[in-house]
>>> print(open('run-v6.txt').read())   # compact mmCIF, C-alpha atoms
# COMPACT_ATOMS: atom_id res chain seq x y z
CA MET A 1 65.55 -5.40 29.88
CA ALA A 2 65.55 -1.73 30.66
CA GLU A 3 63.40 -0.76 27.79
CA LEU A 4 60.32 -2.38 29.13
CA ASP A 5 60.43 -0.77 32.52
CA THR A 6 59.24 2.71 31.77
CA SER A 7 57.19 3.21 34.87
CA GLY A 8 59.98 5.02 36.61
CA GLY A 9 59.23 3.18 39.79
CA GLY A 10 62.87 2.74 40.46
CA LYS A 11 63.30 6.33 41.46
CA HIS A 12 61.45 5.93 44.70
CA LYS A 13 63.62 5.10 47.57
CA GLY A 14 61.07 3.09 49.40
CA GLY A 15 60.86 0.72 46.50
CA LYS A 16 57.03 0.80 46.50
CA VAL A 17 55.82 0.21 42.97
CA ARG A 18 53.02 2.57 42.15
CA SER A 19 50.89 1.95 39.18
CA LYS A 20 50.70 4.91 36.85
CA LYS A 21 47.42 6.76 36.90
CA VAL A 22 45.77 6.42 33.54
CA SER A 23 43.08 8.85 32.52
CA THR A 24 39.62 7.24 32.33
CA ARG A 25 38.55 9.51 29.49
CA ILE A 26 38.28 7.75 26.19
CA ASP A 27 38.05 9.48 22.87
CA LEU A 28 34.46 8.82 21.84
CA THR A 29 34.61 10.53 18.45
CA ALA A 30 35.04 7.36 16.46
CA MET A 31 32.24 5.65 18.36
CA VAL A 32 29.85 8.55 17.72
CA ASP A 33 30.80 8.52 14.06
CA LEU A 34 29.96 4.87 13.82
CA ALA A 35 26.68 5.30 15.69
CA PHE A 36 25.51 8.06 13.39
CA LEU A 37 26.51 6.10 10.34
CA LEU A 38 24.34 3.21 11.50
CA ILE A 39 21.47 5.56 12.37
CA THR A 40 21.57 6.98 8.87
CA PHE A 41 21.53 3.49 7.40
CA PHE A 42 18.54 2.37 9.43
CA MET A 43 16.67 5.61 8.78
CA PHE A 44 16.95 5.12 5.05
CA THR A 45 16.04 1.47 5.02
CA THR A 46 12.97 1.56 7.27
CA THR A 47 9.47 2.35 6.19
CA LEU A 48 8.06 4.54 8.88
CA ALA A 49 5.00 5.56 6.92
CA LYS A 50 2.39 2.85 7.15
CA LYS A 51 0.32 2.08 4.11
CA LYS A 52 -3.07 3.74 4.06
CA ALA A 53 -6.13 2.30 2.46
CA MET A 54 -9.80 2.80 1.86
CA ASP A 55 -12.24 0.00 2.37
CA LEU A 56 -14.52 -0.96 -0.43
CA ALA A 57 -17.50 -3.22 0.00
CA MET A 58 -19.14 -4.66 -3.08
CA PRO A 59 -22.66 -6.08 -2.93
CA ASP A 60 -22.96 -9.82 -2.56
CA ASN A 61 -24.26 -10.73 -6.01
CA THR A 62 -24.95 -14.38 -5.16
CA VAL A 63 -27.80 -13.68 -2.80
CA LYS A 64 -31.08 -12.40 -4.15
CA THR A 65 -32.61 -10.20 -1.55
CA ASN A 66 -35.92 -8.42 -1.64
CA GLN A 67 -35.09 -5.02 -2.89
CA LEU A 68 -37.21 -2.12 -1.88
CA PRO A 69 -38.39 0.23 -4.58
CA VAL A 70 -36.67 3.57 -4.40
CA ALA A 71 -37.83 6.82 -5.92
CA ALA A 72 -35.78 7.58 -9.02
CA THR A 73 -35.55 11.20 -7.99
CA ARG A 74 -33.37 10.19 -5.09
CA SER A 75 -30.70 8.61 -7.22
CA MET A 76 -27.74 10.37 -8.72
CA THR A 77 -25.72 8.60 -11.39
CA ILE A 78 -22.09 9.45 -11.99
CA LEU A 79 -20.53 8.30 -15.25
CA LEU A 80 -16.74 8.26 -15.26
CA GLY A 81 -15.36 9.13 -18.67
CA SER A 82 -11.94 9.64 -20.16
CA HIS A 83 -9.61 12.64 -19.84
CA ASN A 84 -10.36 12.95 -16.11
CA LYS A 85 -13.91 14.07 -16.82
CA LEU A 86 -17.19 12.75 -15.57
CA GLU A 87 -20.83 13.46 -16.07
CA TRP A 88 -23.71 13.09 -13.70
CA TYR A 89 -27.46 13.24 -13.83
CA MET A 90 -30.30 12.90 -11.39
CA GLY A 91 -33.07 10.38 -11.72
CA GLU A 92 -33.61 8.07 -14.67
CA PRO A 93 -31.29 8.07 -17.68
CA GLY A 94 -32.36 10.17 -20.65
CA LYS A 95 -34.89 12.19 -18.69
CA SER A 96 -32.57 14.93 -17.58
CA ALA A 97 -29.54 16.25 -19.42
CA PRO A 98 -26.28 15.10 -17.86
CA THR A 99 -23.82 17.67 -16.58
CA VAL A 100 -20.16 17.29 -17.53
CA ASP A 101 -17.98 17.94 -14.52
CA ASN A 102 -14.50 17.41 -13.21
CA TYR A 103 -13.17 15.72 -10.09
CA GLY A 104 -12.34 17.97 -7.22
CA LYS A 105 -13.60 20.59 -4.89
CA ASP A 106 -15.62 22.74 -7.28
CA GLY A 107 -16.73 19.90 -9.52
CA LEU A 108 -18.02 16.64 -8.19
CA ARG A 109 -17.92 17.60 -4.52
CA LYS A 110 -20.06 20.67 -5.02
CA ALA A 111 -22.54 18.71 -7.14
CA LEU A 112 -22.77 15.96 -4.53
CA ILE A 113 -23.40 18.38 -1.69
CA GLU A 114 -25.98 20.39 -3.62
CA ASN A 115 -27.86 17.35 -4.90
CA GLY A 116 -27.78 15.81 -1.45
CA LYS A 117 -29.39 18.90 0.00
CA LYS A 118 -32.01 19.01 -2.74
CA VAL A 119 -32.96 15.38 -2.20
CA ALA A 120 -33.12 15.88 1.54
CA ALA A 121 -35.40 18.88 1.08
CA THR A 122 -37.84 17.28 -1.36
CA HIS A 123 -38.31 13.91 0.33
CA ALA A 124 -39.74 12.96 3.67
CA ALA A 125 -37.51 11.60 6.40
CA PRO A 126 -36.18 8.96 7.08
CA ASP A 127 -35.94 8.04 3.38
CA ASN A 128 -34.46 11.30 2.27
CA PHE A 129 -30.83 10.43 1.69
CA MET A 130 -29.38 10.39 -1.77
CA ILE A 131 -28.36 7.15 -3.48
CA VAL A 132 -25.34 7.42 -5.73
CA LEU A 133 -24.57 5.03 -8.56
CA ILE A 134 -20.99 5.11 -9.80
CA LYS A 135 -20.57 3.81 -13.33
CA PRO A 136 -16.98 3.75 -14.49
CA SER A 137 -16.47 3.44 -18.23
CA ASP A 138 -13.58 1.47 -19.71
CA LYS A 139 -11.73 4.68 -20.50
CA SER A 140 -11.68 5.96 -16.95
CA THR A 141 -8.64 5.35 -14.78
CA TYR A 142 -8.24 3.74 -11.40
CA GLU A 143 -7.44 7.14 -9.95
CA ASN A 144 -10.82 8.42 -11.12
CA LEU A 145 -12.57 5.60 -9.30
CA VAL A 146 -10.60 6.17 -6.11
CA SER A 147 -11.21 9.91 -6.12
CA THR A 148 -14.93 9.36 -6.69
CA LEU A 149 -15.07 6.94 -3.77
CA ASP A 150 -13.10 9.44 -1.74
CA GLU A 151 -15.64 12.17 -2.53
CA MET A 152 -18.36 9.84 -1.24
CA SER A 153 -16.72 9.71 2.15
CA ILE A 154 -15.87 13.41 2.18
CA THR A 155 -19.43 14.47 1.40
CA GLY A 156 -20.88 11.79 3.65
CA VAL A 157 -22.98 9.97 1.06
CA GLN A 158 -24.64 7.14 2.95
CA SER A 159 -25.30 4.72 0.17
CA TYR A 160 -23.41 4.28 -3.03
CA ALA A 161 -22.55 1.42 -5.33
CA ILE A 162 -20.32 0.67 -8.27
CA VAL A 163 -22.50 -0.45 -11.14
CA LYS A 164 -21.81 -1.59 -14.70
CA ILE A 165 -22.28 1.11 -17.30
CA THR A 166 -24.99 0.67 -19.94
CA PRO A 167 -24.51 1.15 -23.71
CA MET A 168 -26.92 4.07 -23.64
CA GLU A 169 -24.80 5.85 -21.08
CA LEU A 170 -21.68 5.14 -23.09
CA GLY A 171 -23.36 6.87 -26.00
CA ASP A 172 -24.02 9.80 -23.72
CA LEU A 173 -20.36 9.98 -22.80
CA GLN A 174 -19.43 9.83 -26.49
CA LYS A 175 -21.79 12.71 -27.21
CA ASN A 176 -19.94 14.81 -24.69
CA ASN A 177 -16.54 13.78 -26.11
CA ILE A 178 -15.32 12.12 -22.96
CA TYR A 179 -15.17 8.54 -24.14
CA MET B 1 48.98 48.38 29.34
CA PRO B 2 49.00 44.71 30.10
CA ARG B 3 47.82 42.53 27.28
CA VAL B 4 44.51 40.80 27.83
CA LYS B 5 45.17 37.15 28.01
CA VAL B 6 42.64 34.87 26.37
CA ALA B 7 42.17 31.80 28.40
CA ARG B 8 43.28 28.82 26.41
CA LYS B 9 40.55 26.25 26.24
CA SER B 10 40.90 22.66 25.35
CA THR B 11 39.43 21.74 21.97
CA ALA B 12 38.34 18.34 23.17
CA ILE B 13 34.58 18.20 23.74
CA ASP B 14 32.87 15.78 26.03
CA MET B 15 31.31 13.30 23.65
CA THR B 16 29.53 11.18 26.24
CA ALA B 17 26.11 12.79 25.91
CA MET B 18 26.26 12.81 22.14
CA CYS B 19 27.23 9.18 22.16
CA ASP B 20 24.31 8.37 24.44
CA VAL B 21 21.82 10.09 22.17
CA ALA B 22 23.27 8.50 19.08
CA PHE B 23 22.98 5.01 20.49
CA LEU B 24 19.50 5.64 21.81
CA LEU B 25 18.35 6.62 18.33
CA LEU B 26 20.22 3.71 16.85
CA THR B 27 18.44 1.28 19.17
CA PHE B 28 15.10 2.81 18.25
CA PHE B 29 15.70 2.47 14.54
CA ILE B 30 17.00 -1.06 14.83
CA LEU B 31 13.97 -2.14 16.82
CA THR B 32 11.44 -0.49 14.53
CA ALA B 33 13.24 -1.50 11.35
CA LYS B 34 11.26 -3.34 8.79
CA PRO B 35 13.17 -3.53 5.56
CA LYS B 36 11.62 -1.92 2.53
CA VAL B 37 10.24 -4.44 0.11
CA GLU B 38 11.22 -3.87 -3.45
CA ASP B 39 7.97 -3.71 -5.37
CA PRO B 40 8.45 -4.82 -8.97
CA SER B 41 5.03 -3.47 -9.98
CA LYS B 42 6.18 0.13 -9.36
CA ALA B 43 2.59 1.13 -8.93
CA ASP B 44 2.05 4.82 -8.36
CA VAL B 45 -0.95 4.70 -6.06
CA PRO B 46 -3.65 7.38 -6.11
CA THR B 47 -4.24 9.69 -3.18
CA SER B 48 -7.24 9.82 -0.89
CA SER B 49 -8.12 11.40 2.40
CA LYS B 50 -8.72 8.10 4.17
CA GLU B 51 -6.45 7.44 7.10
CA LYS B 52 -7.19 3.83 7.78
CA VAL B 53 -3.98 1.85 8.18
CA VAL B 54 -3.69 -1.43 6.32
CA PRO B 55 -3.01 -4.41 8.55
CA GLU B 56 0.54 -5.61 8.03
CA GLN B 57 -0.06 -9.20 8.96
CA ASN B 58 -2.34 -11.66 7.32
CA LEU B 59 -2.67 -9.65 4.15
CA ALA B 60 -2.61 -10.51 0.48
CA THR B 61 -1.88 -7.66 -1.90
CA ILE B 62 -2.71 -7.61 -5.58
CA SER B 63 -0.60 -4.97 -7.30
CA VAL B 64 -1.40 -3.71 -10.74
CA GLY B 65 1.51 -1.90 -12.29
CA GLN B 66 1.64 0.04 -15.50
CA THR B 67 0.86 -1.90 -18.70
CA ASN B 68 -1.65 -4.10 -16.87
CA GLN B 69 0.87 -6.36 -15.17
CA VAL B 70 -0.53 -8.05 -12.12
CA TYR B 71 1.70 -8.94 -9.17
CA TYR B 72 0.73 -10.85 -6.11
CA SER B 73 2.13 -10.82 -2.62
CA VAL B 74 1.01 -12.59 0.51
CA ASP B 75 2.28 -12.07 4.02
CA GLY B 76 4.08 -14.90 5.84
CA SER B 77 6.69 -17.25 4.41
CA ASP B 78 4.83 -20.33 5.69
CA VAL B 79 1.68 -19.31 3.84
CA ARG B 80 3.70 -18.70 0.68
CA THR B 81 5.32 -22.12 0.95
CA GLU B 82 1.99 -23.89 1.28
CA ALA B 83 0.43 -21.85 -1.50
CA LEU B 84 3.27 -22.68 -3.88
CA LYS B 85 2.97 -26.40 -3.12
CA ALA B 86 -0.77 -26.30 -3.79
CA MET B 87 -0.25 -24.32 -6.97
CA GLY B 88 2.42 -26.78 -8.10
CA GLU B 89 -0.04 -29.62 -7.73
CA LYS B 90 -2.71 -27.73 -9.64
CA TYR B 91 -0.48 -26.83 -12.56
CA HIS B 92 1.62 -30.03 -12.48
CA VAL B 93 4.90 -28.32 -11.72
CA SER B 94 7.13 -29.91 -9.10
CA PHE B 95 9.48 -27.73 -7.12
CA THR B 96 12.71 -28.70 -5.40
CA PRO B 97 13.13 -27.79 -1.69
CA ASP B 98 15.60 -25.09 -2.75
CA GLU B 99 13.06 -23.50 -5.06
CA ILE B 100 10.39 -23.61 -2.38
CA LYS B 101 12.78 -21.97 0.08
CA ASN B 102 13.61 -19.36 -2.51
CA PHE B 103 9.93 -18.67 -3.04
CA SER B 104 9.21 -18.32 0.67
CA ASN B 105 11.69 -15.42 0.70
CA THR B 106 10.16 -13.73 -2.32
CA GLU B 107 7.72 -11.11 -1.11
CA VAL B 108 6.23 -9.95 -4.38
CA PHE B 109 6.12 -11.87 -7.62
CA GLY B 110 4.50 -11.56 -11.00
CA VAL B 111 5.34 -14.55 -13.14
CA PRO B 112 3.02 -17.09 -14.72
CA MET B 113 3.25 -20.66 -13.41
CA SER B 114 4.95 -21.78 -16.64
CA GLN B 115 7.91 -19.53 -15.83
CA MET B 116 7.87 -19.99 -12.09
CA LYS B 117 10.53 -22.70 -12.12
CA SER B 118 13.05 -20.64 -14.05
CA PHE B 119 12.18 -17.60 -11.91
CA LEU B 120 12.98 -19.45 -8.70
CA ASP B 121 16.03 -21.15 -10.14
CA GLY B 122 18.86 -18.81 -9.22
CA THR B 123 20.04 -16.24 -6.75
CA ILE B 124 18.21 -13.20 -5.40
CA ASP B 125 20.12 -11.02 -7.86
CA SER B 126 19.10 -12.98 -10.92
CA GLN B 127 15.53 -13.01 -9.59
CA GLN B 128 15.45 -9.25 -9.48
CA LYS B 129 16.60 -9.08 -13.07
CA PHE B 130 14.09 -11.67 -14.20
CA PRO B 131 11.65 -10.07 -16.65
CA GLN B 132 8.40 -10.47 -14.76
CA LYS B 133 5.47 -10.46 -17.14
CA GLY B 134 2.73 -10.46 -14.55
CA ILE B 135 0.33 -13.16 -13.45
CA PRO B 136 -2.22 -14.13 -16.11
CA VAL B 137 -5.64 -12.71 -15.30
CA ASP B 138 -8.93 -13.22 -17.05
CA THR B 139 -12.58 -13.51 -16.16
CA THR B 140 -12.80 -17.30 -16.24
CA SER B 141 -13.16 -18.99 -12.90
CA ASN B 142 -9.91 -20.92 -13.28
CA ASN B 143 -7.27 -18.30 -13.95
CA GLU B 144 -3.92 -18.14 -12.22
CA LEU B 145 -4.50 -15.07 -10.06
CA SER B 146 -7.74 -16.50 -8.79
CA ASN B 147 -5.99 -19.78 -7.95
CA TRP B 148 -3.20 -17.96 -6.14
CA ILE B 149 -5.73 -16.13 -4.01
CA LEU B 150 -7.65 -19.32 -3.34
CA THR B 151 -4.60 -21.42 -2.41
CA SER B 152 -3.14 -18.77 -0.15
CA ARG B 153 -6.47 -18.31 1.57
CA GLN B 154 -6.69 -22.04 2.14
CA ALA B 155 -3.09 -22.11 3.41
CA ASP B 156 -3.73 -19.22 5.78
CA LYS B 157 -6.85 -20.87 7.10
CA ALA B 158 -5.04 -24.17 7.65
CA LEU B 159 -1.93 -22.66 9.23
CA HIS B 160 -3.24 -19.75 11.26
CA ASP B 161 -7.00 -20.28 11.24
CA LYS B 162 -7.51 -16.73 10.00
CA ASP B 163 -9.25 -15.18 7.05
CA LEU B 164 -6.88 -13.46 4.70
CA ASP B 165 -7.44 -9.75 4.13
CA ILE B 166 -7.22 -8.60 0.54
CA ALA B 167 -5.83 -5.29 -0.66
CA ILE B 168 -5.59 -3.91 -4.16
CA LYS B 169 -2.70 -1.65 -5.01
CA GLY B 170 -3.26 -0.11 -8.38
CA ASP B 171 -1.39 2.39 -10.46
CA LYS B 172 -3.43 5.55 -10.78
CA ARG B 173 -3.09 5.73 -14.55
CA GLU B 174 -4.39 2.20 -14.89
CA GLN B 175 -7.62 1.95 -16.82
CA TYR B 176 -10.71 0.62 -15.16
CA PRO B 177 -11.24 -2.77 -16.94
CA ILE B 178 -8.33 -4.55 -15.22
CA ILE B 179 -9.50 -3.35 -11.80
CA SER B 180 -13.00 -4.46 -12.62
CA THR B 181 -11.67 -7.89 -13.64
CA ILE B 182 -9.89 -8.24 -10.30
CA ILE B 183 -13.00 -7.19 -8.40
CA GLU B 184 -14.95 -9.81 -10.36
CA ILE B 185 -12.39 -12.50 -9.49
CA LEU B 186 -12.68 -11.60 -5.83
CA ALA B 187 -16.47 -11.58 -6.04
CA LYS B 188 -16.39 -15.10 -7.49
CA GLN B 189 -14.61 -16.23 -4.34
CA ARG B 190 -17.23 -14.44 -2.31
CA LEU B 191 -14.79 -11.76 -1.23
CA PHE B 192 -16.79 -8.57 -1.18
CA LYS B 193 -14.81 -6.48 1.25
CA PHE B 194 -11.30 -5.41 0.49
CA SER B 195 -9.04 -2.39 0.77
CA LEU B 196 -7.71 -0.11 -1.91
CA ILE B 197 -4.23 1.08 -1.01
CA THR B 198 -3.86 4.82 -1.38
CA ASP B 199 -1.43 7.53 -0.48
CA LEU B 200 -2.47 10.05 2.08
CA LYS B 201 -3.67 13.39 0.84
CA ALA B 202 -4.28 16.23 3.23
CA ALA B 203 -7.86 16.01 4.41
CA PRO B 204 -9.99 18.80 2.93
CA LYS B 205 -11.40 21.48 5.18
CA LYS B 206 -15.11 21.29 5.47
>>> encode(input="run-v6.txt", output="structure tokens")
Amino acid sequence: MAELDTSGGGKHKGGKVRSKKVSTRIDLTAMVDLAFLLITFFMFTTTLAKKKAMDLAMPDNTVKTNQLPVAATRSMTILLGSHNKLEWYMGEPGKSAPTVDNYGKDGLRKALIENGKKVAATHAAPDNFMIVLIKPSDKSTYENLVSTLDEMSITGVQSYAIVKITPMELGDLQKNNIY
Amino acid sequence: MPRVKVARKSTAIDMTAMCDVAFLLLTFFILTAKPKVEDPSKADVPTSSKEKVVPEQNLATISVGQTNQVYYSVDGSDVRTEALKAMGEKYHVSFTPDEIKNFSNTEVFGVPMSQMKSFLDGTIDSQQKFPQKGIPVDTTSNNELSNWILTSRQADKALHDKDLDIAIKGDKREQYPIISTIIEILAKQRLFKFSLITDLKAAPKK
């Protein structure tokens, strides 16, 4: 069986069998390849970005609480219409002409900040914050509602509520061609 | 002139460090992995500047996709199992243990109770191809979505003694009435606080 004995140990006179020194270095290339393949797989299948959300609290409509009268001049009503347009007015409906505006930095946000300042200047503390009523019409989109709510938090409006729109206000929206 | 001899270098690189890094990253990704859930509603959520993270556990999500289809998903397979059993009793549909098991692995669904049996009857593949029409929603106090929310809340209370958090995930092009209907349904169950799932938009400079 000469073929199996390739160690060449037979050459030594002393007859001591020495084991051949094998290098301890392994070729890691294949292992690294595999590792990176798996990394890529897990990177694509995981969701690292957590879902973000905004909290919305609706009023409890089952409990009738004593509601304090509020000056109409402190309230701002925002009507959400179609085509990403809205209109807003201060005070009671029909008394002041509504302004048609758009969502965004120069539209709603500017109006909210300006009206907030006006209300704060004309009323006595501590009741000098503005109250905002959001009235989405059936033609407005969910995005419109979310961006309005977002503007509330950006401009720091303390009290706001989502309220049902009235037929009179719908007529107003129709007049301005955004319903 | 003697020629300049370029030292011959071995082309073999020491891979040990690279291997270490690769496996470190691999371990990290395996441990943080949470498989993506296929969302049949395909809702394109609006953006906002809010950075509040939605709790992952103990959450029920109502998704409204395009064309007013409503999907429902609740966290925890045990809660789903109990909710399905309760719903089966309510709508007089009996489910086999296989169907219940199938349902406990279904994260998001949008089929009316009348089609639930045929939806659950089959493999995961056939389930994904199933034409989901959305859960029936209306303003009456006894509609299917409202019952799903109610049963899963009861199941969560019984199993974990926790109050289920509710989140609404709506498509941004969705018109307001369907959202208002869902808010009304929640209000009827005295749920007045919930989250609206949004994408993050860069916060505006003040």
>>> interface_residues(input="run-v6.txt", of="chain B", to="chain A", cutoff="6 Å", atoms="only C-alpha atoms", output="list of chain:residue names")
B:Met15, B:Cys19, B:Ala22, B:Leu26, B:Phe29, B:Ala33, B:Lys34, B:Pro35, B:Pro46, B:Ser48, B:Lys50, B:Glu51, B:Lys52, B:Val53, B:Val54, B:Lys172, B:Arg173, B:Glu174, B:Gln175, B:Tyr176, B:Pro177, B:Phe192, B:Lys193, B:Phe194, B:Ser195, B:Leu196, B:Ile197, B:Thr198
>>> atom_distance(input="run-v6.txt", atom1="CA of Val108 (chain B)", atom2="CA of Tyr71 (chain B)")
6.7 Å
>>> closest_residue(input="run-v6.txt", among="B:Ser49, B:Trp148, B:Tyr72, B:Asn102", to="Ser126 (chain B)", atoms="only C-alpha atoms")
B:Asn102
>>> atom_distance(input="run-v6.txt", atom1="CA of Lys157 (chain B)", atom2="CA of Asn105 (chain B)")
20.4 Å
>>> atom_distance(input="run-v6.txt", atom1="CA of Met113 (chain B)", atom2="CA of Leu150 (chain B)")
14.9 Å
>>> closest_residue(input="run-v6.txt", among="A:Met130, A:Val163, A:Ala72, A:Leu170", to="Ile113 (chain A)", atoms="all atoms listed in the file")
A:Met130
>>> residues_around(input="run-v6.txt", residues="Asn115 (chain A)", least_positions_apart="2", cutoff="12 Å", atoms="all atoms listed in the file", output="JSON, numbers by chain")
{"A": [73, 74, 75, 76, 77, 88, 89, 90, 91, 108, 109, 110, 111, 112, 113, 117, 118, 119, 120, 121, 122, 128, 129, 130, 131, 132, 155, 157]}
>>> residues_around(input="run-v6.txt", residues="Ile182 (chain B)", least_positions_apart="4", cutoff="9 Å", atoms="only C-alpha atoms", output="PDB file with C-alpha atoms, in the coordinates of the input")
ATOM      1  CA  ILE B  62      -2.710  -7.610  -5.580  1.00  0.00           C
ATOM      2  CA  VAL B 137      -5.640 -12.710 -15.300  1.00  0.00           C
ATOM      3  CA  ASP B 138      -8.930 -13.220 -17.050  1.00  0.00           C
ATOM      4  CA  THR B 139     -12.580 -13.510 -16.160  1.00  0.00           C
ATOM      5  CA  LEU B 145      -4.500 -15.070 -10.060  1.00  0.00           C
ATOM      6  CA  SER B 146      -7.740 -16.500  -8.790  1.00  0.00           C
ATOM      7  CA  ILE B 168      -5.590  -3.910  -4.160  1.00  0.00           C
ATOM      8  CA  PRO B 177     -11.240  -2.770 -16.940  1.00  0.00           C
ATOM      9  CA  ILE B 178      -8.330  -4.550 -15.220  1.00  0.00           C
ATOM     10  CA  LEU B 186     -12.680 -11.600  -5.830  1.00  0.00           C
ATOM     11  CA  ALA B 187     -16.470 -11.580  -6.040  1.00  0.00           C
TER      12      ALA B 187
END
>>> residues_around(input="run-v6.txt", residues="Asp75 (chain B)", least_positions_apart="2", cutoff="7 Å", atoms="only C-alpha atoms", output="ChimeraX atom specification")
/B:57-60,73,77
